[in-house]
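To be precise, the following lines are coords.cif, and they hold mmCIF, C-alpha atoms and all ligand atoms.
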```cif
data_work
#
loop_
_atom_site.label_atom_id
_atom_site.label_comp_id
_atom_site.auth_asym_id
_atom_site.auth_seq_id
_atom_site.Cartn_x
_atom_site.Cartn_y
_atom_site.Cartn_z
CA MET H 8 0.00 0.00 0.00
CA ALA H 9 1.22 3.51 -0.80
CA LEU H 10 1.60 5.94 2.08
CA CYS H 11 -0.62 8.91 1.21
CA PRO H 12 -2.06 10.76 4.23
CA LYS H 13 -3.60 14.09 3.27
CA SER H 14 -2.59 15.63 6.58
CA VAL H 15 0.21 14.92 9.05
CA LEU H 16 1.14 16.53 12.36
CA ILE H 17 4.61 16.03 13.83
CA THR H 18 5.73 17.22 17.28
CA GLY H 19 9.35 18.27 17.79
CA ALA H 20 9.73 18.95 14.06
CA ASN H 21 12.39 21.68 14.27
CA ARG H 22 15.38 19.31 14.33
CA GLY H 23 16.56 15.72 14.24
CA ILE H 24 14.12 12.99 13.27
CA GLY H 25 11.11 15.33 13.41
CA LEU H 26 12.64 17.65 10.82
CA GLU H 27 13.52 14.68 8.61
CA PHE H 28 9.87 13.55 8.78
CA VAL H 29 8.89 16.88 7.22
CA LYS H 30 11.45 16.44 4.41
CA GLN H 31 10.45 12.84 3.69
CA PHE H 32 6.71 13.52 3.64
CA LEU H 33 7.35 16.27 1.10
CA LYS H 34 9.16 13.71 -1.09
CA LEU H 35 6.28 11.20 -1.23
CA ASP H 36 4.82 10.45 -4.67
CA VAL H 37 1.61 11.96 -3.36
CA PRO H 38 2.70 14.40 -0.63
CA PRO H 39 0.23 15.44 2.04
CA LYS H 40 -1.82 18.57 1.47
CA PHE H 41 -0.97 19.69 5.01
CA ILE H 42 2.13 19.06 7.10
CA PHE H 43 1.78 20.64 10.54
CA ALA H 44 5.37 20.90 11.73
CA CYS H 45 5.13 21.61 15.45
CA CYS H 46 7.87 23.01 17.64
CA ARG H 47 8.29 24.90 20.88
CA GLN H 48 9.86 28.01 19.35
CA PRO H 49 8.78 28.71 15.77
CA ASP H 50 10.69 32.01 15.68
CA SER H 51 14.04 30.27 16.01
CA ALA H 52 13.20 27.17 13.92
CA GLU H 53 15.46 28.26 11.04
CA ASP H 54 15.59 24.92 9.17
CA LEU H 55 11.82 24.59 9.29
CA LYS H 56 11.32 28.18 8.23
CA SER H 57 13.48 27.71 5.15
CA ILE H 58 11.47 24.61 4.16
CA ALA H 59 8.13 26.30 4.85
CA SER H 60 9.05 29.45 2.93
CA GLY H 61 9.10 27.51 -0.34
CA SER H 62 6.07 25.35 0.39
CA SER H 63 2.34 25.84 0.70
CA VAL H 64 2.11 22.45 2.43
CA VAL H 65 4.25 23.03 5.54
CA HIS H 66 2.66 24.97 8.39
CA ILE H 67 4.86 25.76 11.38
CA VAL H 68 2.80 25.49 14.54
CA LYS H 69 3.82 26.34 18.09
CA LEU H 70 3.29 23.32 20.37
CA ASP H 71 5.01 22.45 23.64
CA VAL H 72 3.89 18.99 24.75
CA GLN H 73 4.18 20.11 28.38
CA ASP H 74 1.87 23.10 27.86
CA GLN H 75 -1.84 22.39 27.37
CA SER H 76 -2.61 25.94 26.21
CA THR H 77 -0.22 25.60 23.25
CA ILE H 78 -1.71 22.19 22.40
CA ASP H 79 -5.24 23.65 22.46
CA THR H 80 -4.23 26.64 20.31
CA ALA H 81 -2.47 24.31 17.86
CA LYS H 82 -5.59 22.15 17.62
CA THR H 83 -7.78 25.16 16.86
CA TYR H 84 -5.38 26.27 14.11
CA VAL H 85 -5.08 22.79 12.57
CA GLU H 86 -8.87 22.31 12.63
CA SER H 87 -9.37 25.64 10.86
CA LYS H 88 -7.11 24.51 8.02
CA LEU H 89 -8.50 21.00 7.55
CA GLU H 90 -11.98 22.06 6.45
CA GLY H 91 -13.79 19.09 7.93
CA GLN H 92 -11.48 16.42 6.47
CA GLY H 93 -9.81 15.62 9.80
CA LEU H 94 -6.20 14.76 10.62
CA ASN H 95 -4.88 11.53 9.10
CA LEU H 96 -1.61 11.05 10.93
CA LEU H 97 -0.33 12.29 14.30
CA ILE H 98 3.33 11.57 15.05
CA ASN H 99 4.28 11.99 18.70
CA ASN H 100 7.99 12.54 18.13
CA ALA H 101 9.10 15.16 20.69
CA ALA H 102 11.10 13.73 23.58
CA VAL H 103 13.95 14.33 26.00
CA LEU H 104 16.82 12.11 27.12
CA HIS H 105 19.16 12.57 30.08
CA LEU H 106 21.62 9.75 30.64
CA LYS H 107 20.97 9.29 34.35
CA GLY H 108 21.36 6.06 36.29
CA PHE H 109 20.12 4.55 39.56
CA TYR H 110 22.46 6.58 41.81
CA ASP H 111 22.27 10.00 40.20
CA VAL H 112 18.75 10.41 38.79
CA THR H 113 16.56 12.91 40.63
CA LYS H 114 12.82 12.88 41.21
CA GLN H 115 12.52 16.02 39.08
CA GLU H 116 14.32 14.35 36.15
CA MET H 117 12.02 11.34 36.38
CA MET H 118 8.96 13.60 36.44
CA ASP H 119 10.21 15.75 33.54
CA HIS H 120 10.82 12.67 31.37
CA PHE H 121 7.42 11.24 32.14
CA GLU H 122 5.77 14.56 31.40
CA THR H 123 7.44 15.03 28.00
CA ASN H 124 7.85 11.44 26.80
CA ALA H 125 4.67 9.76 28.04
CA VAL H 126 2.07 12.21 29.39
CA GLY H 127 2.72 14.69 26.55
CA PRO H 128 1.93 12.20 23.76
CA LEU H 129 -1.21 11.09 25.64
CA ILE H 130 -2.49 14.64 26.08
CA VAL H 131 -1.65 15.62 22.49
CA SER H 132 -3.50 12.50 21.26
CA GLN H 133 -6.47 13.28 23.52
CA THR H 134 -6.63 16.88 22.29
CA PHE H 135 -6.48 15.93 18.59
CA ILE H 136 -8.70 12.85 18.81
CA SER H 137 -11.80 14.50 17.34
CA LEU H 138 -9.80 15.39 14.20
CA LEU H 139 -8.45 11.83 13.90
CA LYS H 140 -12.00 10.45 14.26
CA GLN H 141 -13.15 12.87 11.58
CA ALA H 142 -10.43 11.61 9.22
CA ALA H 143 -11.29 7.96 9.95
CA GLY H 144 -14.92 8.79 9.11
CA VAL H 145 -14.02 10.12 5.66
CA ASN H 146 -13.23 6.53 4.54
CA PRO H 147 -15.39 4.49 6.91
CA THR H 148 -14.90 1.14 5.18
CA ALA H 149 -11.13 1.37 4.61
CA PRO H 150 -8.84 -0.69 6.88
CA MET H 151 -6.95 1.18 9.58
CA SER H 152 -3.74 2.72 8.21
CA CYS H 153 -1.39 5.70 8.40
CA SER H 154 -3.15 7.12 5.34
CA ARG H 155 -6.61 6.91 6.95
CA ALA H 156 -6.19 7.76 10.66
CA ALA H 157 -3.26 6.87 12.91
CA ILE H 158 -1.21 7.87 15.93
CA ILE H 159 2.47 6.91 15.81
CA ASN H 160 4.41 7.15 19.04
CA MET H 161 8.16 7.43 18.55
CA SER H 162 9.54 4.97 21.05
CA THR H 163 12.96 3.39 21.48
CA GLY H 164 14.48 -0.06 21.66
CA VAL H 165 15.75 0.72 25.16
CA ALA H 166 12.13 0.92 26.36
CA SER H 167 11.81 -2.83 25.82
CA ILE H 168 11.60 -4.63 29.17
CA SER H 169 12.06 -8.05 27.58
CA GLU H 170 15.23 -6.98 25.75
CA ASN H 171 16.82 -4.99 28.59
CA SER H 172 20.22 -6.48 29.37
CA SER H 173 22.32 -3.46 30.29
CA GLY H 174 20.38 -1.36 32.85
CA GLY H 175 20.92 2.40 33.29
CA ILE H 176 19.19 5.34 31.52
CA TYR H 177 16.43 5.33 34.14
CA PRO H 178 14.24 8.31 33.24
CA TYR H 179 14.29 7.71 29.48
CA ARG H 180 13.76 3.93 29.61
CA ALA H 181 10.95 4.20 32.15
CA SER H 182 9.12 7.07 30.43
CA LYS H 183 9.29 5.37 27.03
CA ALA H 184 8.14 2.05 28.54
CA ALA H 185 5.15 4.04 29.85
CA LEU H 186 4.65 5.40 26.32
CA ASN H 187 4.62 1.82 25.03
CA MET H 188 1.85 0.93 27.47
CA LEU H 189 -0.10 4.00 26.40
CA THR H 190 0.36 2.86 22.78
CA SER H 191 -1.00 -0.59 23.54
CA ASN H 192 -3.91 0.86 25.52
CA MET H 193 -4.85 3.49 22.94
CA ALA H 194 -4.71 0.87 20.18
CA ILE H 195 -7.39 -1.10 22.03
CA ASP H 196 -9.51 1.92 22.92
CA LEU H 197 -9.40 3.59 19.49
CA LYS H 198 -9.75 0.49 17.29
CA GLY H 199 -13.52 0.89 17.22
CA ASP H 200 -13.04 4.38 15.80
CA GLY H 201 -10.82 3.10 12.98
CA ILE H 202 -7.66 4.71 14.40
CA LEU H 203 -4.40 2.76 14.26
CA VAL H 204 -1.93 3.31 17.13
CA THR H 205 1.60 1.91 17.00
CA ALA H 206 5.05 2.56 18.51
CA VAL H 207 8.13 2.84 16.29
CA HIS H 208 11.85 2.76 17.18
CA PRO H 209 13.87 4.81 14.66
CA GLY H 210 17.19 2.97 15.17
CA TRP H 211 20.24 4.66 16.69
CA VAL H 212 20.28 7.90 14.74
CA LYS H 213 22.80 10.77 14.47
CA THR H 214 20.87 13.65 16.08
CA ASN H 215 21.39 15.74 19.22
CA MET H 216 19.80 12.89 21.14
CA GLY H 217 21.52 10.00 19.35
CA GLY H 218 24.94 11.71 19.31
CA PRO H 219 27.71 11.55 16.72
CA ASN H 220 28.53 7.86 17.28
CA ALA H 221 25.04 6.72 16.26
CA LEU H 222 24.81 4.12 13.50
CA ILE H 223 22.67 5.86 10.88
CA ASP H 224 21.69 9.31 9.64
CA THR H 225 18.17 10.71 9.80
CA GLU H 226 17.52 10.04 6.11
CA THR H 227 18.34 6.33 6.40
CA SER H 228 16.18 6.05 9.52
CA LEU H 229 13.26 7.82 7.90
CA LYS H 230 13.36 5.77 4.70
CA GLY H 231 12.89 2.67 6.83
CA ILE H 232 10.19 4.24 8.99
CA MET H 233 8.21 5.48 5.98
CA SER H 234 8.15 1.98 4.49
CA VAL H 235 6.98 0.57 7.83
CA PHE H 236 4.24 3.23 7.90
CA ALA H 237 3.14 2.15 4.43
CA LYS H 238 2.84 -1.48 5.58
CA LEU H 239 0.83 -0.86 8.76
CA GLN H 240 -2.66 -2.11 7.95
CA GLY H 241 -5.78 -3.07 9.89
CA GLU H 242 -5.69 -5.15 13.09
CA GLU H 243 -2.25 -6.53 12.18
CA GLY H 244 -0.75 -3.05 12.15
CA THR H 245 -2.16 -1.60 15.36
CA GLY H 246 -0.93 -1.98 18.95
CA LYS H 247 2.55 -2.99 17.79
CA PHE H 248 6.14 -2.00 18.63
CA TYR H 249 8.21 -1.83 15.43
CA HIS H 250 11.87 -1.39 14.63
CA GLY H 251 11.49 1.28 11.96
CA VAL H 252 14.69 0.42 10.10
CA LYS H 253 14.65 -3.38 10.27
CA GLY H 254 10.89 -3.47 9.79
CA GLU H 255 10.60 -6.13 12.52
CA LEU H 256 8.60 -6.27 15.72
CA ILE H 257 10.40 -5.55 19.01
CA GLY H 258 9.37 -7.43 22.15
CA TRP H 259 7.61 -5.21 24.69
N1 LIG O 301 18.20 9.61 17.91
C1 LIG O 301 18.09 8.35 18.30
O1 LIG O 301 19.07 7.56 18.22
C2 LIG O 301 16.79 7.83 18.83
C3 LIG O 301 16.74 6.48 19.22
C4 LIG O 301 15.54 5.96 19.70
C5 LIG O 301 14.42 6.76 19.77
N2 LIG O 301 14.48 8.07 19.39
C6 LIG O 301 13.25 8.86 19.49
O2 LIG O 301 13.02 9.58 18.28
C7 LIG O 301 12.37 10.83 18.56
C8 LIG O 301 13.15 11.97 17.96
O3 LIG O 301 14.46 11.96 18.52
P1 LIG O 301 15.66 12.86 17.97
O4 LIG O 301 16.85 11.99 17.96
O5 LIG O 301 15.25 13.59 16.76
O6 LIG O 301 15.82 13.88 19.21
P2 LIG O 301 16.39 15.38 19.26
O7 LIG O 301 17.29 15.63 18.13
O8 LIG O 301 16.90 15.56 20.64
O9 LIG O 301 15.06 16.25 19.05
C9 LIG O 301 14.07 16.24 20.06
C10 LIG O 301 12.93 17.11 19.61
O10 LIG O 301 11.94 17.09 20.65
C11 LIG O 301 11.59 18.43 20.92
N3 LIG O 301 11.08 18.58 22.29
C12 LIG O 301 11.65 18.29 23.47
N4 LIG O 301 10.84 18.62 24.48
C13 LIG O 301 9.72 19.13 23.92
C14 LIG O 301 8.51 19.64 24.43
N5 LIG O 301 8.27 19.75 25.74
N6 LIG O 301 7.55 20.05 23.55
C15 LIG O 301 7.76 19.99 22.23
N7 LIG O 301 8.91 19.54 21.68
C16 LIG O 301 9.86 19.12 22.53
C17 LIG O 301 12.88 19.22 20.71
O11 LIG O 301 12.57 20.59 20.60
P3 LIG O 301 13.60 21.77 21.09
O12 LIG O 301 14.52 22.03 19.93
O13 LIG O 301 12.69 22.90 21.40
O14 LIG O 301 14.33 21.25 22.29
C18 LIG O 301 13.32 18.58 19.41
O15 LIG O 301 12.61 19.10 18.32
C19 LIG O 301 12.26 10.90 20.11
O16 LIG O 301 10.99 10.45 20.51
C20 LIG O 301 13.31 9.93 20.58
O17 LIG O 301 13.04 9.41 21.86
C21 LIG O 301 15.64 8.63 18.93
#
```
Now, as a test, write the supplied structure out as structure tokens.
Ligand SMILES: NC(=O)c1ccc[n+]([C@@H]2O[C@H](COP(=O)([O-])OP(=O)(O)OC[C@H]3O[C@@H](n4cnc5c(N)ncnc54)[C@H](OP(=O)(O)O)[C@@H]3O)[C@@H](O)[C@H]2O)c1
Amino acid sequence: MALCPKSVLITGANRGIGLEFVKQFLKLDVPPKFIFACCRQPDSAEDLKSIASGSSVVHIVKLDVQDQSTIDTAKTYVESKLEGQGLNLLINNAAVLHLKGFYDVTKQEMMDHFETNAVGPLIVSQTFISLLKQAAGVNPTAPMSCSRAAIINMSTGVASISENSSGGIYPYRASKAALNMLTSNMAIDLKGDGILVTAVHPGWVKTNMGGPNALIDTETSLKGIMSVFAKLQGEEGTGKFYHGVKGELIGW
């Protein structure tokens, strides 16, 4: 199946994997009509601004996943643009990572990670759900897919409990494991509405978060992820935890 959502919203789109999502969606055979590239500080999002200046598709939208008022304002803006067609694809990409272990992590760091990496994606999904339902209703008999109506949560291999063999990275691992549970739960709760919900690990990618020693660049990661998105279909595609580059399932 071709990947052809008419509208996509990406959080944390000003750099790293989020920015590469914007570039790769623009390169699709049938690009979306709307790409809502969300970031905390649009004024200083220079890379995004240069892409948006030559495109009628890319809309830069202020959205801080820790700040409900910015999420609400973003939703109002997105809804005004979509003209009743709804939002096809929401990508919860924004996240933070501090490399803290058992002895040095603080309560505040744990709370901050949970707020950004797990609670944020839940609240963003909750706020935009009416638009996702609207999109699902446009093609009521189509199978669930990223082209019809879907929430993708950007997770990480180190959130896997079954594959954890090295310990450490407490706040990031725990908050992303919580995100995985939210993914599984939302997949169950939103199936009846025709909305697919799946978690995707992008590989170890050269970004601020992944660092310079990472294995792949953002383009390589995104090419894999986009082909996984294209394959996610119906009941088989929802409630899963995928390695976006290998295209294989990861154990929870
Ligand atoms: N890179 C890897 O190797 C790797 C591996 C596994 C999983 N992942 C996952 O892939 C996703 C993207 O990672 P990345 O490598 O591109 O990370 P990155 O380069 O550090 O970028 C993180 C993005 O999240 C945004 N962000 C942070 N807190 C935010 C908030 N409260 N509200 C809105 N945006 C916020 C940042 O915005 P600011 O510029 O404003 O800070 C930035 O745009 C994350 O979910 C990450 O966990 C990455």
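As for CA of His120 (chain H) and atom N4 of ligand LIG 301 (chain O), they are spaced 9.1 Å apart.
Put simply, CA of Thr80 (chain H) is 26.5 Å away from CA of Leu104 (chain H).
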Compute the set of protein, DNA and RNA residues whose minimum atom distance to ligand LIG 301 (chain O) is at most 6 Å, using only C-alpha atoms and all ligand atoms, and state it as a PDB file with C-alpha atoms, keeping the file's coordinate frame.
```pdb
ATOM      1  CA  THR H  18       5.730  17.220  17.280  1.00  0.00           C
ATOM      2  CA  GLY H  19       9.350  18.270  17.790  1.00  0.00           C
ATOM      3  CA  ALA H  20       9.730  18.950  14.060  1.00  0.00           C
ATOM      4  CA  ASN H  21      12.390  21.680  14.270  1.00  0.00           C
ATOM      5  CA  ARG H  22      15.380  19.310  14.330  1.00  0.00           C
ATOM      6  CA  GLY H  23      16.560  15.720  14.240  1.00  0.00           C
ATOM      7  CA  ILE H  24      14.120  12.990  13.270  1.00  0.00           C
ATOM      8  CA  GLY H  25      11.110  15.330  13.410  1.00  0.00           C
ATOM      9  CA  CYS H  46       7.870  23.010  17.640  1.00  0.00           C
ATOM     10  CA  ARG H  47       8.290  24.900  20.880  1.00  0.00           C
ATOM     11  CA  LEU H  70       3.290  23.320  20.370  1.00  0.00           C
ATOM     12  CA  ASP H  71       5.010  22.450  23.640  1.00  0.00           C
ATOM     13  CA  VAL H  72       3.890  18.990  24.750  1.00  0.00           C
ATOM     14  CA  GLN H  73       4.180  20.110  28.380  1.00  0.00           C
ATOM     15  CA  ASN H 100       7.990  12.540  18.130  1.00  0.00           C
ATOM     16  CA  ALA H 101       9.100  15.160  20.690  1.00  0.00           C
ATOM     17  CA  ALA H 102      11.100  13.730  23.580  1.00  0.00           C
ATOM     18  CA  VAL H 103      13.950  14.330  26.000  1.00  0.00           C
ATOM     19  CA  THR H 123       7.440  15.030  28.000  1.00  0.00           C
ATOM     20  CA  MET H 161       8.160   7.430  18.550  1.00  0.00           C
ATOM     21  CA  SER H 162       9.540   4.970  21.050  1.00  0.00           C
ATOM     22  CA  THR H 163      12.960   3.390  21.480  1.00  0.00           C
ATOM     23  CA  HIS H 208      11.850   2.760  17.180  1.00  0.00           C
ATOM     24  CA  PRO H 209      13.870   4.810  14.660  1.00  0.00           C
ATOM     25  CA  GLY H 210      17.190   2.970  15.170  1.00  0.00           C
ATOM     26  CA  TRP H 211      20.240   4.660  16.690  1.00  0.00           C
ATOM     27  CA  VAL H 212      20.280   7.900  14.740  1.00  0.00           C
ATOM     28  CA  LYS H 213      22.800  10.770  14.470  1.00  0.00           C
ATOM     29  CA  THR H 214      20.870  13.650  16.080  1.00  0.00           C
ATOM     30  CA  ASN H 215      21.390  15.740  19.220  1.00  0.00           C
ATOM     31  CA  MET H 216      19.800  12.890  21.140  1.00  0.00           C
ATOM     32  CA  GLY H 217      21.520  10.000  19.350  1.00  0.00           C
TER      33      GLY H 217
END
```
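Taking all atoms listed in the file into account, Lys114 (chain H) lies nearest to H:Tyr177 out of the set H:Ile78, H:Val165, H:Tyr177, H:Leu89.
Shell of Ser154 (chain H) at 8 Å, with all atoms listed in the file counted and residues fewer than 2 places along the chain excluded, is Leu10, Cys11, Pro12, Lys13, Asn95, Leu96, Ser152, Ala156 and Ala157 of chain H.
Between Ile232 (chain H) and the residues H:Leu197, H:Val65, H:Ile42, H:Cys153, the shortest atom-to-atom distance, using all atoms listed in the file, involves H:Cys153.
Distances to Ile159 (chain H) were evaluated for H:Thr245, H:Thr83, H:Asn171, H:Thr113 using all atoms listed in the file, and the minimum falls at H:Thr245.
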(Q) Report, in Å with one decimal, the straight-line distance from CA of Val204 (chain H) to CA of Ile158 (chain H). (A) 4.8 Å
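Nearest-residue note for Met118 (chain H): choosing from H:Ser51, H:Thr190, H:Ser182, H:Gln31, the minimum distance belongs to H:Ser182, counting all atoms listed in the file.
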Q. Gly164 (chain H): which residues within 12 Å, counting all atoms listed in the file, same-chain residues fewer than 4 positions away excluded, as a PyMOL selection string?
A. chain H and resi 168-172+179-181+183-184+187+206-211+248-253+255-259
Q: In the coordinate frame of the file, compute which residues have an atom within 12 Å of (-11.3, 21.4, 12.3) when using all atoms listed in the file, and state them as a PyMOL selection string.
A: chain H and resi 14+80-94+134-142
Write a file of the selected residues as an mmCIF file, keeping the file's coordinate frame, keeping C-alpha atoms.
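The result, stored in part02.cif:
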```
data_model
loop_
_atom_site.group_PDB
_atom_site.id
_atom_site.type_symbol
_atom_site.label_atom_id
_atom_site.label_comp_id
_atom_site.auth_asym_id
_atom_site.auth_seq_id
_atom_site.Cartn_x
_atom_site.Cartn_y
_atom_site.Cartn_z
ATOM 1 C CA SER H 14 -2.590 15.630 6.580
ATOM 2 C CA THR H 80 -4.230 26.640 20.310
ATOM 3 C CA ALA H 81 -2.470 24.310 17.860
ATOM 4 C CA LYS H 82 -5.590 22.150 17.620
ATOM 5 C CA THR H 83 -7.780 25.160 16.860
ATOM 6 C CA TYR H 84 -5.380 26.270 14.110
ATOM 7 C CA VAL H 85 -5.080 22.790 12.570
ATOM 8 C CA GLU H 86 -8.870 22.310 12.630
ATOM 9 C CA SER H 87 -9.370 25.640 10.860
ATOM 10 C CA LYS H 88 -7.110 24.510 8.020
ATOM 11 C CA LEU H 89 -8.500 21.000 7.550
ATOM 12 C CA GLU H 90 -11.980 22.060 6.450
ATOM 13 C CA GLY H 91 -13.790 19.090 7.930
ATOM 14 C CA GLN H 92 -11.480 16.420 6.470
ATOM 15 C CA GLY H 93 -9.810 15.620 9.800
ATOM 16 C CA LEU H 94 -6.200 14.760 10.620
ATOM 17 C CA THR H 134 -6.630 16.880 22.290
ATOM 18 C CA PHE H 135 -6.480 15.930 18.590
ATOM 19 C CA ILE H 136 -8.700 12.850 18.810
ATOM 20 C CA SER H 137 -11.800 14.500 17.340
ATOM 21 C CA LEU H 138 -9.800 15.390 14.200
ATOM 22 C CA LEU H 139 -8.450 11.830 13.900
ATOM 23 C CA LYS H 140 -12.000 10.450 14.260
ATOM 24 C CA GLN H 141 -13.150 12.870 11.580
ATOM 25 C CA ALA H 142 -10.430 11.610 9.220
#
```
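Of the residues listed (H:Glu53, H:Glu122, H:Glu27, H:Asp200), H:Asp200 shows the shortest atom-to-atom separation from Ala149 (chain H); distances use all atoms listed in the file.
Closest to Phe28 (chain H) among H:Leu97, H:Ala9, H:Glu243, H:Ile202 is H:Leu97, based on only C-alpha atoms.
Near Pro178 (chain H), within 8 Å and counting all atoms listed in the file, sit Leu104, His105, Leu106, Lys107, Val112, Glu116, Met117, His120, Phe121 and Ser182 of chain H; same-chain residues fewer than 4 positions away were not included.
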Q) So which residues touch His66 (chain H) within 8 Å, counting only C-alpha atoms, skipping near sequence neighbours fewer than 6 positions away, as a list of chain:residue names? A) H:Phe41, H:Ile42, H:Phe43, H:Ala44, H:Ala59
Q. Near Glu242 (chain H), within 9 Å and counting only C-alpha atoms, which residues show up once chain neighbours fewer than 3 positions away are dropped, as a ChimeraX atom specification?
A. /H:150-151,198,203,239,245-246
